[in-house]
Amino acid sequence: MRTVIIGAGQAGRRCAEALRELDAEAGILLLGEEAHPPYDRPPLSKAVLLGTDPGKGLFVRAAEFYAERRIDLRLGTRVAAIHPAARAVETAAGERIGWDHLVLATGARARRLRIPGAEDPRVLTLRTLEDAEALKARLAARPRLAVVGGGLIGLEVAASARQLGCAVSVLEAADRLMARCVPPAISARCAALHRGHGVDLHLSCALRAIEPAPDGGLLLIGDGARIAADLVVAGIGGVPETALAEAAGIAVQDGILTDAQGRTSIPGIFAAGEVARFPHPFWGGRPMRLEAWQVAQTQPAAVARAILGMDAPPDEVPWHWTDQFGWNLQVLGDPDPSLTLVQRAEGEHRLTAIALDTAGRARGAVLINNGRDATPCRRLIAGGKVLDAAALADAGTPLRSFL
């Protein structure tokens, strides 16, 4: 039985690995459009830009790993069409490749700005290794950098550029940073961190246009702001790569619609990673498409098990992280702003904040430089135990005592 995986990013790699771990005889073909073997994307906005990653930490597996595991890895191969009835894919070079199972791990592309002036070549995005290397080269000249988007990627780029000596402005349409993933109290701490390092923050500032400036640079026109820059990076999220699926008649809605194990609307075809929109048990089965490292690591393993007729692995509490100016911030579960936030501060730069629902159950947590609390927080969130907010606020009481 042959499984063809389209997309040699983290999700495609992890699906291929999981298939091989579970079935020593499976035929596995991994097709990647990029020239590079599979690599992790989180270091692109940090270690790669800063020049602190020699490359080995980026490429999760050595090139020989795939041959040793009998995973047929073909790079520089773009799939042009899927033919479900024939159980074949067609490459841009005209080759037809048959499959018994097909996995779409096509990921997402960086969302582009849709405003006047956005097509200027000095307006960049960050998604691939080539993007990171090109941005790194531009930052070496220490330009005035404007970052559009105060989410994780935007703030990581801002932090890296500031550490490289660039003047940095951040424009965010919302009234606070990282509004989609952390409560206001954490947004305020992150804003103070960036301002303390010299980042010029413009909140409630929706960008309207980018114009040439008299000095040869760029002028960003936003709500109540006119910001001069030499270079712009748009960090405004990703758009799922669903064109192949749509053309093949697979159900799509802001991602490829799947069940909990990645099965699409066409039998034998699966979707893995951030391109998949699947019913997430943590949110009561509500369909979710998550752009997070954890999803690209764990959900493809569920797909591999489904291909082999196995049950899904145990559910995990959602989790993602970011590193900015030496701070490590981890988000677990769903620390929704409507929940009660209990903060366990340990000095100015160390914090565990736990979000409780109306019954006193932990639904989410945010950790700042406090990774040791990740495991007990996961257990508290997964366990559903009713907690005493006053006792929980005492940072001197170990979290494990509440388990």
# chains A, B, ... in the order shown; residues from 1 in each chain; ligands from 1
>>> select_by_dssp(residues="region 26-180 of chain A", states="helix (DSSP H, G or I)", output="count of residues only")
37
>>> residues_around(residues="Glu211 (chain A)", least_positions_apart="2", cutoff="8 Å", atoms="only C-alpha atoms", output="PyMOL selection string")
chain A and resi 116-117+209+213+218-221
>>> closest_residue(among="A:Val199, A:Ile236, A:Ala167, A:Val182", to="Val148 (chain A)", atoms="only C-alpha atoms")
A:Ile236
>>> residues_around(residues="Arg162 (chain A)", least_positions_apart="5", cutoff="12 Å", atoms="only C-alpha atoms", output="MDAnalysis selection string")
chainID A and resid 46 49:50 139:140 142:147 155:157 167:170 194:200 324:325
>>> residues_around(residues="region 80-97 of chain A", least_positions_apart="2", cutoff="8 Å", atoms="only C-alpha atoms", output="PDB file with all heavy atoms, in the first residue's frame")
ATOM      1  N   THR A  77       9.370  19.393  -6.235  1.00  0.00           N
ATOM      2  CA  THR A  77       8.307  18.737  -6.997  1.00  0.00           C
ATOM      3  C   THR A  77       6.967  19.386  -6.654  1.00  0.00           C
ATOM      4  O   THR A  77       6.486  19.267  -5.532  1.00  0.00           O
ATOM      5  CB  THR A  77       8.246  17.235  -6.680  1.00  0.00           C
ATOM      6  OG1 THR A  77       9.507  16.636  -6.985  1.00  0.00           O
ATOM      7  CG2 THR A  77       7.155  16.552  -7.487  1.00  0.00           C
ATOM      8  N   ARG A  78       6.391  20.063  -7.621  1.00  0.00           N
ATOM      9  CA  ARG A  78       5.099  20.701  -7.405  1.00  0.00           C
ATOM     10  C   ARG A  78       3.991  19.830  -7.986  1.00  0.00           C
ATOM     11  O   ARG A  78       4.065  19.410  -9.144  1.00  0.00           O
ATOM     12  CB  ARG A  78       5.060  22.083  -8.050  1.00  0.00           C
ATOM     13  CG  ARG A  78       3.754  22.846  -7.791  1.00  0.00           C
ATOM     14  CD  ARG A  78       3.827  24.267  -8.309  1.00  0.00           C
ATOM     15  NE  ARG A  78       3.827  24.303  -9.754  1.00  0.00           N
ATOM     16  CZ  ARG A  78       2.735  24.281 -10.520  1.00  0.00           C
ATOM     17  NH1 ARG A  78       1.521  24.169  -9.949  1.00  0.00           N
ATOM     18  NH2 ARG A  78       2.817  24.330 -11.833  1.00  0.00           N
ATOM     19  N   TRP A  99      -1.619   6.383  -5.984  1.00  0.00           N
ATOM     20  CA  TRP A  99      -1.625   6.268  -4.537  1.00  0.00           C
ATOM     21  C   TRP A  99      -2.782   5.397  -4.065  1.00  0.00           C
ATOM     22  O   TRP A  99      -3.811   5.283  -4.737  1.00  0.00           O
ATOM     23  CB  TRP A  99      -1.725   7.638  -3.870  1.00  0.00           C
ATOM     24  CG  TRP A  99      -2.775   8.559  -4.436  1.00  0.00           C
ATOM     25  CD1 TRP A  99      -2.598   9.499  -5.405  1.00  0.00           C
ATOM     26  CD2 TRP A  99      -4.175   8.625  -4.071  1.00  0.00           C
ATOM     27  NE1 TRP A  99      -3.785  10.140  -5.672  1.00  0.00           N
ATOM     28  CE2 TRP A  99      -4.758   9.630  -4.877  1.00  0.00           C
ATOM     29  CE3 TRP A  99      -4.970   7.924  -3.164  1.00  0.00           C
ATOM     30  CZ2 TRP A  99      -6.114   9.956  -4.783  1.00  0.00           C
ATOM     31  CZ3 TRP A  99      -6.322   8.244  -3.071  1.00  0.00           C
ATOM     32  CH2 TRP A  99      -6.866   9.256  -3.871  1.00  0.00           C
ATOM     33  N   ASP A 100      -2.583   4.772  -2.921  1.00  0.00           N
ATOM     34  CA  ASP A 100      -3.671   4.083  -2.228  1.00  0.00           C
ATOM     35  C   ASP A 100      -4.304   5.011  -1.195  1.00  0.00           C
ATOM     36  O   ASP A 100      -5.506   4.969  -0.955  1.00  0.00           O
ATOM     37  CB  ASP A 100      -3.138   2.825  -1.544  1.00  0.00           C
ATOM     38  CG  ASP A 100      -2.608   1.819  -2.556  1.00  0.00           C
ATOM     39  OD1 ASP A 100      -3.420   1.276  -3.316  1.00  0.00           O
ATOM     40  OD2 ASP A 100      -1.374   1.606  -2.598  1.00  0.00           O
ATOM     41  N   LEU A 244      -5.445  22.887  -4.495  1.00  0.00           N
ATOM     42  CA  LEU A 244      -5.454  21.518  -5.020  1.00  0.00           C
ATOM     43  C   LEU A 244      -6.699  20.770  -4.567  1.00  0.00           C
ATOM     44  O   LEU A 244      -7.339  20.061  -5.351  1.00  0.00           O
ATOM     45  CB  LEU A 244      -4.208  20.771  -4.555  1.00  0.00           C
ATOM     46  CG  LEU A 244      -2.912  20.972  -5.331  1.00  0.00           C
ATOM     47  CD1 LEU A 244      -1.775  20.257  -4.611  1.00  0.00           C
ATOM     48  CD2 LEU A 244      -3.051  20.458  -6.762  1.00  0.00           C
ATOM     49  N   ALA A 245      -7.032  20.923  -3.297  1.00  0.00           N
ATOM     50  CA  ALA A 245      -8.201  20.232  -2.753  1.00  0.00           C
ATOM     51  C   ALA A 245      -9.483  20.721  -3.421  1.00  0.00           C
ATOM     52  O   ALA A 245     -10.347  19.921  -3.804  1.00  0.00           O
ATOM     53  CB  ALA A 245      -8.273  20.432  -1.242  1.00  0.00           C
ATOM     54  N   ALA A 247      -9.905  22.084  -6.377  1.00  0.00           N
ATOM     55  CA  ALA A 247      -9.974  21.637  -7.764  1.00  0.00           C
ATOM     56  C   ALA A 247     -10.351  20.160  -7.868  1.00  0.00           C
ATOM     57  O   ALA A 247     -10.944  19.731  -8.862  1.00  0.00           O
ATOM     58  CB  ALA A 247      -8.638  21.889  -8.461  1.00  0.00           C
ATOM     59  N   ALA A 248     -10.029  19.389  -6.823  1.00  0.00           N
ATOM     60  CA  ALA A 248     -10.338  17.956  -6.827  1.00  0.00           C
ATOM     61  C   ALA A 248     -11.721  17.649  -6.278  1.00  0.00           C
ATOM     62  O   ALA A 248     -12.126  16.482  -6.202  1.00  0.00           O
ATOM     63  CB  ALA A 248      -9.281  17.205  -6.012  1.00  0.00           C
ATOM     64  N   ILE A 266     -13.552  12.998   0.563  1.00  0.00           N
ATOM     65  CA  ILE A 266     -13.321  11.964  -0.442  1.00  0.00           C
ATOM     66  C   ILE A 266     -12.568  10.809   0.213  1.00  0.00           C
ATOM     67  O   ILE A 266     -11.472  11.013   0.757  1.00  0.00           O
ATOM     68  CB  ILE A 266     -12.531  12.519  -1.641  1.00  0.00           C
ATOM     69  CG1 ILE A 266     -13.370  13.566  -2.368  1.00  0.00           C
ATOM     70  CG2 ILE A 266     -12.131  11.394  -2.595  1.00  0.00           C
ATOM     71  CD1 ILE A 266     -12.718  14.136  -3.607  1.00  0.00           C
TER      72      ILE A 266
END
>>> atom_distance(atom1="CA of Gly107 (chain A)", atom2="CA of Arg363 (chain A)")
27.8 Å
>>> select_by_dssp(residues="region 215-360 of chain A", states="strand (DSSP E)", output="ChimeraX atom specification")
/A:218-222,225-229,231-234,238-240,256-257,269-271,276-280,286-288,319-324,327-333,340-345,351-356
>>> closest_residue(among="A:Arg379, A:Arg61, A:Arg361, A:Arg189", to="Glu348 (chain A)", atoms="only C-alpha atoms")
A:Arg189
>>> residues_around(residues="Trp293 (chain A)", least_positions_apart="5", cutoff="10 Å", atoms="only C-alpha atoms", output="PDB file with C-alpha atoms, in the first residue's frame")
ATOM      1  CA  GLN A  10       6.625  19.680   9.426  1.00  0.00           C
ATOM      2  CA  ALA A  11       3.183  18.068   9.064  1.00  0.00           C
ATOM      3  CA  ASP A  40      10.877  23.664  11.409  1.00  0.00           C
ATOM      4  CA  ARG A  41       9.466  27.143  10.810  1.00  0.00           C
ATOM      5  CA  PRO A  42       9.536  28.616  14.372  1.00  0.00           C
ATOM      6  CA  GLY A 273      -1.415  20.075   9.821  1.00  0.00           C
ATOM      7  CA  GLU A 274      -2.505  23.693   9.616  1.00  0.00           C
ATOM      8  CA  THR A 298       0.497  15.675  16.686  1.00  0.00           C
ATOM      9  CA  TRP A 319      -0.274  24.606  23.263  1.00  0.00           C
ATOM     10  CA  HIS A 320       1.943  27.119  21.518  1.00  0.00           C
ATOM     11  CA  TRP A 321       4.811  29.382  22.461  1.00  0.00           C
TER      12      TRP A 321
END
>>> atom_distance(atom1="CA of Leu164 (chain A)", atom2="CA of Asn328 (chain A)")
18.9 Å
